[in-house]
file entry18.pdb (PDB, C-alpha atoms, pLDDT in the B column)
ATOM      1  CA  MET A   1       3.040 -26.204  -2.974  1.00 68.00           C
ATOM      2  CA  THR A   2       4.850 -26.122   0.351  1.00 77.00           C
ATOM      3  CA  ASP A   3       8.353 -24.676   0.679  1.00 77.00           C
ATOM      4  CA  SER A   4       9.790 -28.163   1.207  1.00 80.00           C
ATOM      5  CA  ALA A   5       8.070 -29.439  -1.949  1.00 82.00           C
ATOM      6  CA  VAL A   6       9.542 -26.573  -3.959  1.00 85.00           C
ATOM      7  CA  SER A   7      13.019 -27.296  -2.529  1.00 85.00           C
ATOM      8  CA  HIS A   8      12.643 -30.971  -3.434  1.00 85.00           C
ATOM      9  CA  GLN A   9      11.681 -30.114  -7.017  1.00 91.00           C
ATOM     10  CA  LEU A  10      14.614 -27.701  -7.287  1.00 90.00           C
ATOM     11  CA  ARG A  11      17.040 -30.410  -6.158  1.00 89.00           C
ATOM     12  CA  LYS A  12      15.597 -32.848  -8.703  1.00 92.00           C
ATOM     13  CA  LEU A  13      15.934 -30.248 -11.461  1.00 92.00           C
ATOM     14  CA  GLU A  14      19.538 -29.468 -10.491  1.00 91.00           C
ATOM     15  CA  ASP A  15      20.351 -33.203 -10.467  1.00 92.00           C
ATOM     16  CA  HIS A  16      18.776 -33.587 -13.898  1.00 93.00           C
ATOM     17  CA  LEU A  17      20.665 -30.598 -15.339  1.00 92.00           C
ATOM     18  CA  ARG A  18      23.874 -31.396 -13.408  1.00 92.00           C
ATOM     19  CA  ALA A  19      24.211 -27.701 -12.587  1.00 92.00           C
ATOM     20  CA  PRO A  20      23.467 -25.573  -9.506  1.00 93.00           C
ATOM     21  CA  LEU A  21      20.566 -23.176 -10.119  1.00 92.00           C
ATOM     22  CA  VAL A  22      20.263 -21.522  -6.680  1.00 90.00           C
ATOM     23  CA  GLU A  23      22.609 -20.704  -3.824  1.00 90.00           C
ATOM     24  CA  ARG A  24      22.026 -19.677  -0.226  1.00 83.00           C
ATOM     25  CA  GLN A  25      22.155 -15.982   0.672  1.00 81.00           C
ATOM     26  CA  GLY A  26      21.652 -15.302   4.372  1.00 78.00           C
ATOM     27  CA  ARG A  27      18.332 -16.924   5.304  1.00 75.00           C
ATOM     28  CA  GLY A  28      17.141 -17.025   1.701  1.00 79.00           C
ATOM     29  CA  ILE A  29      18.350 -18.134  -1.708  1.00 84.00           C
ATOM     30  CA  ARG A  30      19.256 -16.470  -4.996  1.00 88.00           C
ATOM     31  CA  LEU A  31      19.756 -17.659  -8.544  1.00 89.00           C
ATOM     32  CA  THR A  32      23.242 -18.634  -9.676  1.00 92.00           C
ATOM     33  CA  GLY A  33      24.540 -17.333 -12.981  1.00 90.00           C
ATOM     34  CA  ALA A  34      23.389 -20.515 -14.699  1.00 90.00           C
ATOM     35  CA  GLY A  35      20.037 -20.344 -12.958  1.00 89.00           C
ATOM     36  CA  ARG A  36      19.501 -16.740 -14.041  1.00 87.00           C
ATOM     37  CA  ARG A  37      20.326 -17.525 -17.691  1.00 89.00           C
ATOM     38  CA  TYR A  38      18.047 -20.563 -17.587  1.00 90.00           C
ATOM     39  CA  ALA A  39      15.167 -18.541 -16.080  1.00 87.00           C
ATOM     40  CA  ASP A  40      15.583 -15.765 -18.657  1.00 84.00           C
ATOM     41  CA  GLN A  41      15.412 -18.239 -21.531  1.00 87.00           C
ATOM     42  CA  LEU A  42      12.375 -20.027 -20.055  1.00 87.00           C
ATOM     43  CA  ALA A  43      10.360 -16.862 -19.349  1.00 80.00           C
ATOM     44  CA  ALA A  44       9.017 -16.417 -22.872  1.00 76.00           C
ATOM     45  CA  PRO A  45       7.922 -20.025 -23.560  1.00 81.00           C
ATOM     46  CA  LEU A  46       6.374 -20.369 -20.088  1.00 80.00           C
ATOM     47  CA  THR A  47       4.424 -17.148 -20.616  1.00 70.00           C
ATOM     48  CA  GLU A  48       3.237 -18.480 -23.963  1.00 68.00           C
ATOM     49  CA  ILE A  49       2.112 -21.742 -22.353  1.00 78.00           C
ATOM     50  CA  ALA A  50       0.244 -19.817 -19.639  1.00 71.00           C
ATOM     51  CA  GLY A  51      -1.477 -17.621 -22.249  1.00 60.00           C
ATOM     52  CA  LEU A  52      -2.473 -20.634 -24.345  1.00 59.00           C
ATOM     53  CA  THR A  53      -3.875 -22.392 -21.273  1.00 67.00           C
ATOM     54  CA  GLU A  54      -5.900 -19.313 -20.353  1.00 60.00           C
ATOM     55  CA  ARG A  55      -7.308 -18.972 -23.884  1.00 48.00           C
ATOM     56  CA  LEU A  56      -8.254 -22.649 -24.133  1.00 48.00           C
ATOM     57  CA  PHE A  57      -9.444 -23.337 -20.608  1.00 59.00           C
ATOM     58  CA  GLY A  58      -9.883 -19.966 -18.933  1.00 55.00           C
ATOM     59  CA  ALA A  59     -13.627 -19.807 -19.540  1.00 44.00           C
ATOM     60  CA  SER A  60     -14.158 -22.848 -17.316  1.00 42.00           C
ATOM     61  CA  ARG A  61     -12.125 -21.193 -14.545  1.00 51.00           C
ATOM     62  CA  GLY A  62     -13.541 -17.727 -14.957  1.00 56.00           C
ATOM     63  CA  THR A  63     -15.669 -17.863 -11.832  1.00 63.00           C
ATOM     64  CA  GLY A  64     -12.630 -18.015  -9.509  1.00 83.00           C
ATOM     65  CA  VAL A  65     -10.995 -15.155  -7.639  1.00 91.00           C
ATOM     66  CA  THR A  66      -7.606 -15.844  -6.059  1.00 91.00           C
ATOM     67  CA  LEU A  67      -6.657 -14.142  -2.788  1.00 94.00           C
ATOM     68  CA  THR A  68      -3.366 -14.555  -0.932  1.00 93.00           C
ATOM     69  CA  VAL A  69      -3.516 -13.959   2.821  1.00 94.00           C
ATOM     70  CA  GLY A  70      -1.742 -15.015   6.010  1.00 92.00           C
ATOM     71  CA  PRO A  71      -2.884 -18.358   7.487  1.00 91.00           C
ATOM     72  CA  VAL A  72      -4.129 -16.911  10.808  1.00 93.00           C
ATOM     73  CA  VAL A  73      -6.135 -14.150   9.122  1.00 95.00           C
ATOM     74  CA  ALA A  74      -7.590 -16.677   6.696  1.00 94.00           C
ATOM     75  CA  SER A  75      -8.528 -19.145   9.440  1.00 93.00           C
ATOM     76  CA  LEU A  76     -10.041 -16.739  11.967  1.00 95.00           C
ATOM     77  CA  GLY A  77     -11.006 -13.685   9.953  1.00 95.00           C
ATOM     78  CA  LEU A  78     -12.094 -14.827   6.492  1.00 96.00           C
ATOM     79  CA  ILE A  79     -13.115 -18.486   6.298  1.00 95.00           C
ATOM     80  CA  PRO A  80     -16.121 -18.075   8.657  1.00 95.00           C
ATOM     81  CA  PHE A  81     -17.581 -15.582   6.153  1.00 96.00           C
ATOM     82  CA  VAL A  82     -16.731 -17.218   2.799  1.00 95.00           C
ATOM     83  CA  ALA A  83     -20.037 -19.106   2.626  1.00 94.00           C
ATOM     84  CA  GLY A  84     -21.909 -15.803   2.895  1.00 94.00           C
ATOM     85  CA  LEU A  85     -19.846 -14.315   0.070  1.00 94.00           C
ATOM     86  CA  GLU A  86     -20.508 -17.249  -2.228  1.00 91.00           C
ATOM     87  CA  SER A  87     -24.201 -17.259  -1.263  1.00 93.00           C
ATOM     88  CA  ASP A  88     -24.458 -13.607  -2.303  1.00 94.00           C
ATOM     89  CA  HIS A  89     -22.507 -14.345  -5.498  1.00 93.00           C
ATOM     90  CA  PRO A  90     -23.384 -17.904  -6.634  1.00 91.00           C
ATOM     91  CA  ASP A  91     -21.159 -17.607  -9.717  1.00 89.00           C
ATOM     92  CA  LEU A  92     -18.068 -16.702  -7.660  1.00 91.00           C
ATOM     93  CA  VAL A  93     -15.578 -19.154  -6.152  1.00 89.00           C
ATOM     94  CA  LEU A  94     -12.949 -17.732  -3.800  1.00 92.00           C
ATOM     95  CA  GLN A  95      -9.574 -19.480  -3.849  1.00 89.00           C
ATOM     96  CA  LEU A  96      -7.433 -18.700  -0.779  1.00 91.00           C
ATOM     97  CA  ILE A  97      -3.638 -18.950  -1.039  1.00 89.00           C
ATOM     98  CA  THR A  98      -2.449 -18.939   2.573  1.00 89.00           C
ATOM     99  CA  THR A  99       1.167 -17.970   3.162  1.00 87.00           C
ATOM    100  CA  THR A 100       3.199 -15.504   5.199  1.00 86.00           C
ATOM    101  CA  ARG A 101       5.317 -14.685   2.136  1.00 85.00           C
ATOM    102  CA  LEU A 102       4.662 -11.621  -0.026  1.00 87.00           C
ATOM    103  CA  LEU A 103       3.793 -13.178  -3.369  1.00 86.00           C
ATOM    104  CA  ASP A 104       4.174 -11.424  -6.719  1.00 88.00           C
ATOM    105  CA  LEU A 105       0.541 -11.147  -7.823  1.00 90.00           C
ATOM    106  CA  ASP A 106       1.237 -10.487 -11.506  1.00 89.00           C
ATOM    107  CA  ALA A 107       3.917 -13.146 -11.866  1.00 84.00           C
ATOM    108  CA  MET A 108       1.733 -15.789 -10.189  1.00 84.00           C
ATOM    109  CA  GLY A 109      -1.589 -14.794 -11.724  1.00 85.00           C
ATOM    110  CA  ILE A 110      -3.155 -13.912  -8.348  1.00 89.00           C
ATOM    111  CA  ASP A 111      -5.990 -11.375  -8.252  1.00 93.00           C
ATOM    112  CA  LEU A 112      -5.709  -9.955  -4.724  1.00 95.00           C
ATOM    113  CA  ALA A 113      -3.642  -9.927  -1.554  1.00 96.00           C
ATOM    114  CA  LEU A 114      -4.688  -8.969   1.968  1.00 97.00           C
ATOM    115  CA  ARG A 115      -1.615  -7.819   3.881  1.00 96.00           C
ATOM    116  CA  TYR A 116      -1.149  -6.855   7.512  1.00 94.00           C
ATOM    117  CA  GLU A 117       1.132  -3.901   8.186  1.00 92.00           C
ATOM    118  CA  ARG A 118       2.443  -2.857  11.601  1.00 89.00           C
ATOM    119  CA  LYS A 119       1.713   0.798  10.973  1.00 89.00           C
ATOM    120  CA  PRO A 120      -1.375   3.042  11.024  1.00 87.00           C
ATOM    121  CA  VAL A 121      -3.819   3.111   8.153  1.00 89.00           C
ATOM    122  CA  THR A 122      -2.633   4.929   5.018  1.00 84.00           C
ATOM    123  CA  GLU A 123      -4.674   8.132   4.845  1.00 86.00           C
ATOM    124  CA  GLY A 124      -6.526   8.627   1.578  1.00 86.00           C
ATOM    125  CA  ASP A 125      -6.089   4.995   0.494  1.00 90.00           C
ATOM    126  CA  PRO A 126      -9.558   3.415   0.061  1.00 92.00           C
ATOM    127  CA  LEU A 127      -7.973  -0.050   0.263  1.00 94.00           C
ATOM    128  CA  SER A 128      -6.268   0.570   3.633  1.00 94.00           C
ATOM    129  CA  PHE A 129      -8.239  -0.308   6.772  1.00 95.00           C
ATOM    130  CA  PRO A 130      -7.475   0.221  10.470  1.00 94.00           C
ATOM    131  CA  GLU A 131      -7.143  -2.656  12.871  1.00 95.00           C
ATOM    132  CA  TYR A 132      -9.076  -2.453  16.161  1.00 95.00           C
ATOM    133  CA  ALA A 133      -7.863  -4.142  19.364  1.00 95.00           C
ATOM    134  CA  PHE A 134      -9.869  -4.377  22.614  1.00 96.00           C
ATOM    135  CA  PRO A 135     -10.518  -6.725  25.563  1.00 96.00           C
ATOM    136  CA  VAL A 136     -12.737  -9.733  24.868  1.00 97.00           C
ATOM    137  CA  CYS A 137     -13.903 -12.680  26.911  1.00 97.00           C
ATOM    138  CA  THR A 138     -16.777 -15.127  27.127  1.00 97.00           C
ATOM    139  CA  PRO A 139     -20.193 -13.838  28.260  1.00 97.00           C
ATOM    140  CA  GLU A 140     -19.796 -15.929  31.418  1.00 96.00           C
ATOM    141  CA  LEU A 141     -16.633 -14.083  32.473  1.00 95.00           C
ATOM    142  CA  ALA A 142     -18.285 -10.722  31.779  1.00 94.00           C
ATOM    143  CA  ARG A 143     -21.455 -11.422  33.751  1.00 93.00           C
ATOM    144  CA  HIS A 144     -20.356  -9.288  36.751  1.00 89.00           C
ATOM    145  CA  GLY A 145     -19.603  -6.187  34.680  1.00 91.00           C
ATOM    146  CA  ALA A 146     -16.830  -4.750  32.581  1.00 89.00           C
ATOM    147  CA  GLU A 147     -14.457  -3.764  35.376  1.00 87.00           C
ATOM    148  CA  GLN A 148     -14.621  -7.225  36.921  1.00 89.00           C
ATOM    149  CA  THR A 149     -13.391  -8.790  33.694  1.00 91.00           C
ATOM    150  CA  LEU A 150     -10.032  -7.094  34.213  1.00 90.00           C
ATOM    151  CA  LYS A 151      -9.621  -9.135  37.401  1.00 90.00           C
ATOM    152  CA  GLN A 152      -9.819 -12.381  35.466  1.00 91.00           C
ATOM    153  CA  ARG A 153      -6.770 -14.256  34.217  1.00 94.00           C
ATOM    154  CA  ARG A 154      -5.077 -12.201  31.496  1.00 95.00           C
ATOM    155  CA  LEU A 155      -4.198 -13.982  28.257  1.00 95.00           C
ATOM    156  CA  LEU A 156      -1.075 -12.485  26.661  1.00 94.00           C
ATOM    157  CA  ASN A 157      -0.246 -12.781  22.963  1.00 93.00           C
ATOM    158  CA  ALA A 158       3.508 -13.173  22.406  1.00 91.00           C
ATOM    159  CA  ALA A 159       3.047 -12.084  18.782  1.00 87.00           C
ATOM    160  CA  HIS A 160       1.721  -8.721  20.017  1.00 89.00           C
ATOM    161  CA  ALA A 161       3.449  -8.372  23.364  1.00 87.00           C
ATOM    162  CA  ASP A 162       2.390  -4.778  24.090  1.00 90.00           C
ATOM    163  CA  ASP A 163      -1.329  -5.167  23.276  1.00 91.00           C
ATOM    164  CA  TRP A 164      -2.507  -4.492  26.822  1.00 93.00           C
ATOM    165  CA  GLN A 165      -0.241  -1.480  27.309  1.00 92.00           C
ATOM    166  CA  ARG A 166      -1.422   0.001  24.014  1.00 92.00           C
ATOM    167  CA  TRP A 167      -5.025  -0.390  25.113  1.00 93.00           C
ATOM    168  CA  VAL A 168      -4.277   1.310  28.459  1.00 93.00           C
ATOM    169  CA  VAL A 169      -2.625   4.264  26.697  1.00 92.00           C
ATOM    170  CA  ALA A 170      -5.433   4.546  24.117  1.00 91.00           C
ATOM    171  CA  THR A 171      -8.238   4.457  26.708  1.00 91.00           C
ATOM    172  CA  GLY A 172      -6.539   6.224  29.629  1.00 90.00           C
ATOM    173  CA  ARG A 173      -7.523   3.429  32.010  1.00 87.00           C
ATOM    174  CA  GLU A 174      -5.694   2.150  35.051  1.00 83.00           C
ATOM    175  CA  LEU A 175      -4.722  -1.493  34.734  1.00 84.00           C
ATOM    176  CA  ALA A 176      -3.823  -3.254  37.961  1.00 82.00           C
ATOM    177  CA  PRO A 177      -1.604  -6.332  37.797  1.00 81.00           C
ATOM    178  CA  ALA A 178      -3.620  -9.393  36.889  1.00 79.00           C
ATOM    179  CA  PRO A 179      -3.894 -12.092  39.579  1.00 81.00           C
ATOM    180  CA  ARG A 180      -2.928 -14.656  36.942  1.00 90.00           C
ATOM    181  CA  GLU A 181      -1.447 -14.461  33.464  1.00 92.00           C
ATOM    182  CA  MET A 182      -0.913 -16.919  30.637  1.00 94.00           C
ATOM    183  CA  ARG A 183       1.411 -16.129  27.735  1.00 93.00           C
ATOM    184  CA  LEU A 184       0.686 -17.899  24.441  1.00 94.00           C
ATOM    185  CA  ASP A 185       2.722 -17.867  21.250  1.00 91.00           C
ATOM    186  CA  THR A 186       0.172 -17.157  18.511  1.00 90.00           C
ATOM    187  CA  SER A 187      -3.108 -15.328  17.919  1.00 91.00           C
ATOM    188  CA  GLU A 188      -4.813 -18.659  17.210  1.00 92.00           C
ATOM    189  CA  MET A 189      -3.749 -20.058  20.577  1.00 94.00           C
ATOM    190  CA  VAL A 190      -4.906 -16.924  22.381  1.00 95.00           C
ATOM    191  CA  MET A 191      -8.288 -16.992  20.634  1.00 95.00           C
ATOM    192  CA  ASN A 192      -8.674 -20.690  21.388  1.00 95.00           C
ATOM    193  CA  ALA A 193      -8.024 -20.069  25.097  1.00 96.00           C
ATOM    194  CA  ALA A 194     -10.400 -17.080  25.205  1.00 96.00           C
ATOM    195  CA  LEU A 195     -13.188 -19.065  23.539  1.00 96.00           C
ATOM    196  CA  ARG A 196     -12.831 -21.707  26.241  1.00 95.00           C
ATOM    197  CA  GLY A 197     -13.305 -19.169  29.008  1.00 95.00           C
ATOM    198  CA  MET A 198      -9.720 -19.339  30.238  1.00 95.00           C
ATOM    199  CA  GLY A 199      -9.380 -15.575  30.623  1.00 95.00           C
ATOM    200  CA  VAL A 200      -9.659 -12.142  29.030  1.00 96.00           C
ATOM    201  CA  THR A 201      -7.460 -11.090  26.131  1.00 96.00           C
ATOM    202  CA  ILE A 202      -7.075  -8.352  23.555  1.00 96.00           C
ATOM    203  CA  GLY A 203      -9.124  -9.295  20.494  1.00 95.00           C
ATOM    204  CA  ARG A 204      -8.078  -7.934  17.127  1.00 94.00           C
ATOM    205  CA  THR A 205     -10.235  -7.298  14.095  1.00 96.00           C
ATOM    206  CA  PRO A 206     -10.962  -9.110  11.864  1.00 96.00           C
ATOM    207  CA  LEU A 207      -9.725 -12.175  13.785  1.00 96.00           C
ATOM    208  CA  VAL A 208     -12.343 -11.755  16.516  1.00 96.00           C
ATOM    209  CA  ASN A 209     -15.288 -10.660  14.345  1.00 96.00           C
ATOM    210  CA  ASP A 210     -16.930 -14.059  13.949  1.00 96.00           C
ATOM    211  CA  ALA A 211     -16.737 -14.882  17.668  1.00 96.00           C
ATOM    212  CA  LEU A 212     -18.330 -11.531  18.550  1.00 96.00           C
ATOM    213  CA  LEU A 213     -21.079 -11.812  15.954  1.00 95.00           C
ATOM    214  CA  ASN A 214     -22.105 -15.297  17.049  1.00 95.00           C
ATOM    215  CA  GLY A 215     -21.968 -14.405  20.756  1.00 96.00           C
ATOM    216  CA  GLN A 216     -19.108 -16.676  21.753  1.00 97.00           C
ATOM    217  CA  LEU A 217     -17.165 -13.624  22.950  1.00 97.00           C
ATOM    218  CA  VAL A 218     -18.167 -10.151  24.123  1.00 97.00           C
ATOM    219  CA  ALA A 219     -16.280  -6.852  24.220  1.00 96.00           C
ATOM    220  CA  PRO A 220     -17.012  -5.313  27.659  1.00 95.00           C
ATOM    221  CA  PHE A 221     -15.313  -2.004  26.788  1.00 94.00           C
ATOM    222  CA  GLY A 222     -16.517  -1.668  23.194  1.00 94.00           C
ATOM    223  CA  THR A 223     -14.755  -2.219  19.901  1.00 94.00           C
ATOM    224  CA  ALA A 224     -13.565   1.277  18.971  1.00 92.00           C
ATOM    225  CA  THR A 225      -9.949   1.180  20.201  1.00 93.00           C
ATOM    226  CA  PRO A 226      -7.409   1.276  17.322  1.00 92.00           C
ATOM    227  CA  GLY A 227      -4.786  -1.447  17.221  1.00 91.00           C
ATOM    228  CA  GLU A 228      -1.128  -1.135  16.321  1.00 89.00           C
ATOM    229  CA  GLY A 229      -1.513  -2.009  12.652  1.00 92.00           C
ATOM    230  CA  SER A 230      -3.679  -1.908   9.582  1.00 95.00           C
ATOM    231  CA  TYR A 231      -4.736  -4.059   6.652  1.00 96.00           C
ATOM    232  CA  ARG A 232      -4.257  -3.233   3.006  1.00 96.00           C
ATOM    233  CA  ILE A 233      -5.941  -4.846   0.007  1.00 97.00           C
ATOM    234  CA  VAL A 234      -3.464  -5.126  -2.858  1.00 96.00           C
ATOM    235  CA  THR A 235      -4.666  -5.702  -6.414  1.00 95.00           C
ATOM    236  CA  SER A 236      -2.778  -7.069  -9.387  1.00 92.00           C
ATOM    237  CA  SER A 237      -2.117  -4.854 -12.395  1.00 90.00           C
ATOM    238  CA  ARG A 238      -4.979  -6.522 -14.279  1.00 86.00           C
ATOM    239  CA  HIS A 239      -8.215  -4.573 -14.427  1.00 84.00           C
ATOM    240  CA  PRO A 240     -10.457  -6.020 -11.684  1.00 85.00           C
ATOM    241  CA  ASP A 241     -13.621  -7.589 -13.095  1.00 90.00           C
ATOM    242  CA  ASP A 242     -16.991  -7.646 -11.326  1.00 91.00           C
ATOM    243  CA  LYS A 243     -16.104 -10.737  -9.264  1.00 93.00           C
ATOM    244  CA  VAL A 244     -12.821  -9.257  -8.055  1.00 94.00           C
ATOM    245  CA  GLN A 245     -14.652  -6.038  -7.174  1.00 95.00           C
ATOM    246  CA  ALA A 246     -17.177  -8.086  -5.192  1.00 96.00           C
ATOM    247  CA  VAL A 247     -14.367  -9.683  -3.160  1.00 96.00           C
ATOM    248  CA  ILE A 248     -12.821  -6.256  -2.541  1.00 96.00           C
ATOM    249  CA  ARG A 249     -16.138  -4.968  -1.183  1.00 96.00           C
ATOM    250  CA  TRP A 250     -16.528  -8.109   0.947  1.00 97.00           C
ATOM    251  CA  LEU A 251     -13.065  -7.657   2.426  1.00 97.00           C
ATOM    252  CA  GLY A 252     -13.771  -3.983   3.113  1.00 95.00           C
ATOM    253  CA  ASN A 253     -16.896  -4.919   5.065  1.00 94.00           C
ATOM    254  CA  LEU A 254     -15.019  -7.545   7.094  1.00 94.00           C
ATOM    255  CA  LEU A 255     -12.226  -5.140   7.953  1.00 93.00           C
ATOM    256  CA  GLY A 256     -14.569  -2.645   9.581  1.00 83.00           C
ATOM    257  CA  ARG A 257     -15.403  -2.880  13.263  1.00 75.00           C
ATOM    258  CA  PRO A 258     -17.800  -5.747  14.112  1.00 78.00           C
TER
END
call {"tool": "encode", "arguments": {"input": "entry18.pdb", "output": "structure tokens"}}
result
Amino acid sequence: MTDSAVSHQLRKLEDHLRAPLVERQGRGIRLTGAGRRYADQLAAPLTEIAGLTERLFGASRGTGVTLTVGPVVASLGLIPFVAGLESDHPDLVLQLITTTRLLDLDAMGIDLALRYERKPVTEGDPLSFPEYAFPVCTPELARHGAEQTLKQRRLLNAAHADDWQRWVVATGRELAPAPREMRLDTSEMVMNAALRGMGVTIGRTPLVNDALLNGQLVAPFGTATPGEGSYRIVTSSRHPDDKVQAVIRWLGNLLGRP
């Protein structure tokens, strides 16, 4: 459900009960005293209903694996590869829950989360993967050689404003001012412009993997430059079955360099 749909249902419930259940706190909300008492009393019967549903109907849903992930990562980095996952595992159905919120996996019955963190990879954590960020453009713009691509229009990602400077520091290259620049608000907009040959930008794994693999974009300077962040696969407290393990391996492969 969308946030607005949840808000609408909350208002209907409060009208029905004639009591406020939530109140605003800063930019979010919190339960009122009445809401907290109501939630505490409902926890046990709702858990019982969920358990009964799982026992009666769980076998028919047992092929599904639920994964919560940000919308941009889902759209650019995962969805192009879901068909391959399900082809390799015909009895597995991946259900994507796309949101920028950090959902409680156990409370919501979700198997996995893929979360982006603006910090380096966690050493020793097998479920933490580095992000790579490097210049990409269409093959047409790269036809005169790598150095010439840097003279093309530069596409800037407002969501990662220091991408180009980070790449300069990481590679030790000189970067002259671009003759033209275009600043775009989101990674999806930047990728869309790059795919249409509008300029050269910093591509980030796994968002750029599909475009590189199918030849729509090329990486004139290679794909080995670390980005500013990392990705972490988070599992619920339930023991992961074979299908969940298969999705974890699939994610691990996608999060490596293309």
call {"tool": "atom_distance", "arguments": {"input": "entry18.pdb", "atom1": "CA of Pro179 (chain A)", "atom2": "CA of Gly227 (chain A)"}}
result
24.8 Å
call {"tool": "resolve_selection", "arguments": {"input": "entry18.pdb", "expression": "the PyMOL selection byres ((chain A and resi 67-83) around 8)", "output": "PyMOL selection string"}}
result
chain A and resi 65-66+84-87+94-100+103+110-115+187-188+205-210+254
call {"tool": "closest_residue", "arguments": {"input": "entry18.pdb", "among": "A:Gly64, A:Arg118, A:Arg101, A:Ala44", "to": "Asp241 (chain A)", "atoms": "all atoms listed in the file"}}
result
A:Gly64
call {"tool": "atom_distance", "arguments": {"input": "entry18.pdb", "atom1": "CA of Arg143 (chain A)", "atom2": "CA of Val190 (chain A)"}}
result
20.8 Å
call {"tool": "residues_around", "arguments": {"input": "entry18.pdb", "residues": "Gly33 (chain A)", "least_positions_apart": "4", "cutoff": "10 Å", "atoms": "all atoms listed in the file", "output": "list of chain:residue names"}}
result
A:Pro20, A:Leu21, A:Val22, A:Glu23, A:Arg37, A:Tyr38, A:Ala39
call {"tool": "atom_distance", "arguments": {"input": "entry18.pdb", "atom1": "CA of Leu213 (chain A)", "atom2": "CA of Gln148 (chain A)"}}
result
22.4 Å
call {"tool": "resolve_selection", "arguments": {"input": "entry18.pdb", "expression": "the PyMOL selection byres ((chain A and resi 129-140) around 9)", "output": "NGL selection string"}}
result
:A and (120-122 or 125-128 or 141-144 or 149-150 or 163-164 or 166-167 or 194-206 or 208 or 212 or 215-233 or 252 or 255-257)
call {"tool": "closest_residue", "arguments": {"input": "entry18.pdb", "among": "A:Leu42, A:Ala107, A:Ile29, A:Ala176", "to": "Arg238 (chain A)", "atoms": "all atoms listed in the file"}}
result
A:Ala107
call {"tool": "resolve_selection", "arguments": {"input": "entry18.pdb", "expression": "the PyMOL selection byres ((chain A and resi 91) around 10)", "output": "mmCIF file with C-alpha atoms, in the coordinates of the input"}}
result
data_model
loop_
_atom_site.group_PDB
_atom_site.id
_atom_site.type_symbol
_atom_site.label_atom_id
_atom_site.label_comp_id
_atom_site.auth_asym_id
_atom_site.auth_seq_id
_atom_site.Cartn_x
_atom_site.Cartn_y
_atom_site.Cartn_z
ATOM 1 C CA GLY A 62 -13.541 -17.727 -14.957
ATOM 2 C CA THR A 63 -15.669 -17.863 -11.832
ATOM 3 C CA GLY A 64 -12.630 -18.015 -9.509
ATOM 4 C CA GLU A 86 -20.508 -17.249 -2.228
ATOM 5 C CA SER A 87 -24.201 -17.259 -1.263
ATOM 6 C CA ASP A 88 -24.458 -13.607 -2.303
ATOM 7 C CA HIS A 89 -22.507 -14.345 -5.498
ATOM 8 C CA PRO A 90 -23.384 -17.904 -6.634
ATOM 9 C CA LEU A 92 -18.068 -16.702 -7.660
ATOM 10 C CA VAL A 93 -15.578 -19.154 -6.152
ATOM 11 C CA LYS A 243 -16.104 -10.737 -9.264
#
call {"tool": "closest_residue", "arguments": {"input": "entry18.pdb", "among": "A:Val247, A:Ala43, A:Ala158, A:Ala170", "to": "Met182 (chain A)", "atoms": "only C-alpha atoms"}}
result
A:Ala158
call {"tool": "closest_residue", "arguments": {"input": "entry18.pdb", "among": "A:Leu31, A:Ile248, A:Leu13, A:Met108", "to": "Ala50 (chain A)", "atoms": "only C-alpha atoms"}}
result
A:Met108
call {"tool": "residues_near_point", "arguments": {"input": "entry18.pdb", "point": "(14.1, -29.5, -8.4)", "cutoff": "12 Å", "atoms": "all atoms listed in the file", "output": "PyMOL selection string"}}
result
chain A and resi 3-22+35
